[in-house]
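Asker: Got a structure for you, questions after.
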Amino acid sequence: MSDHVSLNLTETMADIRRHRETWLACEAMSDSASAEKKRHVASQFQRSLGRMQEIGDQKLALVAEIMENIETRIRQLDQSYDNLS
């Protein structure tokens, strides 16, 4: 799962960089086509930021799973120690 999350993060960050470059190129122009292009890029930014939020949620879920596994292992070790005493 973590490899999948990392890949999605890398792809989404590349998308955001491309959107930024397109936005900056539109800033340099002043025609009506650039205004339409900026609206389109703003929409793409919004979708990319939504994907970033999903990736953040996936990372938090992964951390929660890791913490749960650690806590389970600690309980097992504590029980094994108690059994040795």
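Simple scheme: letters A, B, ... for chains in structure tokens order, numbers from 1 for residues in each chain, numbers from 1 for ligands in the order shown.
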With a distance cut-off of 12 Å and only C-alpha atoms, select the neighbouring residues of Asp57 of chain A, excluding the residue or stretch itself and same-chain residues fewer than 6 positions from it, and output the selection as a PyMOL selection string.
Answerer: chain A and resi 5+9+50-51+63-64
Asker: Given the selection you just returned, output its residues as a file containing N, CA and C atoms, formatted as a PDB file, in the first residue's frame.
Answerer:
ATOM      1  N   VAL A   5       0.785   4.544  -2.498  1.00  0.00           N
ATOM      2  CA  VAL A   5       0.582   5.909  -2.007  1.00  0.00           C
ATOM      3  C   VAL A   5       1.720   6.806  -2.486  1.00  0.00           C
ATOM      4  N   LEU A   9       1.417  10.016  -4.915  1.00  0.00           N
ATOM      5  CA  LEU A   9       1.919  11.308  -4.458  1.00  0.00           C
ATOM      6  C   LEU A   9       2.849  11.912  -5.497  1.00  0.00           C
ATOM      7  N   GLY A  50      -7.680  17.642  -4.289  1.00  0.00           N
ATOM      8  CA  GLY A  50      -8.548  16.590  -3.756  1.00  0.00           C
ATOM      9  C   GLY A  50      -7.814  15.257  -3.685  1.00  0.00           C
ATOM     10  N   ARG A  51      -7.045  14.958  -4.736  1.00  0.00           N
ATOM     11  CA  ARG A  51      -6.240  13.725  -4.722  1.00  0.00           C
ATOM     12  C   ARG A  51      -5.193  13.770  -3.620  1.00  0.00           C
ATOM     13  N   VAL A  63      -0.480   4.811   8.918  1.00  0.00           N
ATOM     14  CA  VAL A  63       0.141   5.059  10.222  1.00  0.00           C
ATOM     15  C   VAL A  63      -0.697   4.422  11.333  1.00  0.00           C
ATOM     16  N   ALA A  64      -2.016   4.553  11.243  1.00  0.00           N
ATOM     17  CA  ALA A  64      -2.885   3.952  12.253  1.00  0.00           C
ATOM     18  C   ALA A  64      -2.729   2.433  12.269  1.00  0.00           C
TER      19      ALA A  64
END
Asker: Can you tell me, as a list of chain:residue names, what residues are no more than 12 Å from Lys59 of chain A when counting only C-alpha atoms, ignoring any on the same chain fewer than 2 positions away?
Answerer: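 The residues that qualify are A:Met1, A:Ser2, A:Asp3, A:His4, A:Val5, A:Ser6, A:Asn8, A:Leu9, A:Met52, A:Gln53, A:Glu54, A:Ile55, A:Gly56, A:Asp57, A:Ala61, A:Leu62, A:Val63, A:Ala64, A:Glu65, A:Ile66.
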Asker: Hey, can you check how far atom CA of Ala25 of chain A sits from atom CA of Leu7 of chain A?
Answerer: 27.3 Å
Asker: Could you name the residues that touch Ala42 of chain A at 12 Å or less, counting only C-alpha atoms, but leaving out those on the same chain fewer than 4 positions away, as a list in words?
Answerer: Ile16, Arg18, His19, Arg20, Thr22, Trp23, Leu24, Cys26, Ser34, Ala35, Glu36, Lys37, Lys38, Gln46, Arg47, Ser48 and Leu49 of chain A
Asker: Would you compute the distance between atom CA of Met29 of chain A and atom CA of Ala14 of chain A? Give it in Å to one decimal.
Answerer: 23.4 Å
Asker: Rounded to one decimal, what separation in Å do you get between atom CA of Asp15 of chain A and atom CA of Gln44 of chain A?
Answerer: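 Value for the atom CA of Asp15 of chain A-atom CA of Gln44 of chain A distance: 8.7 Å.
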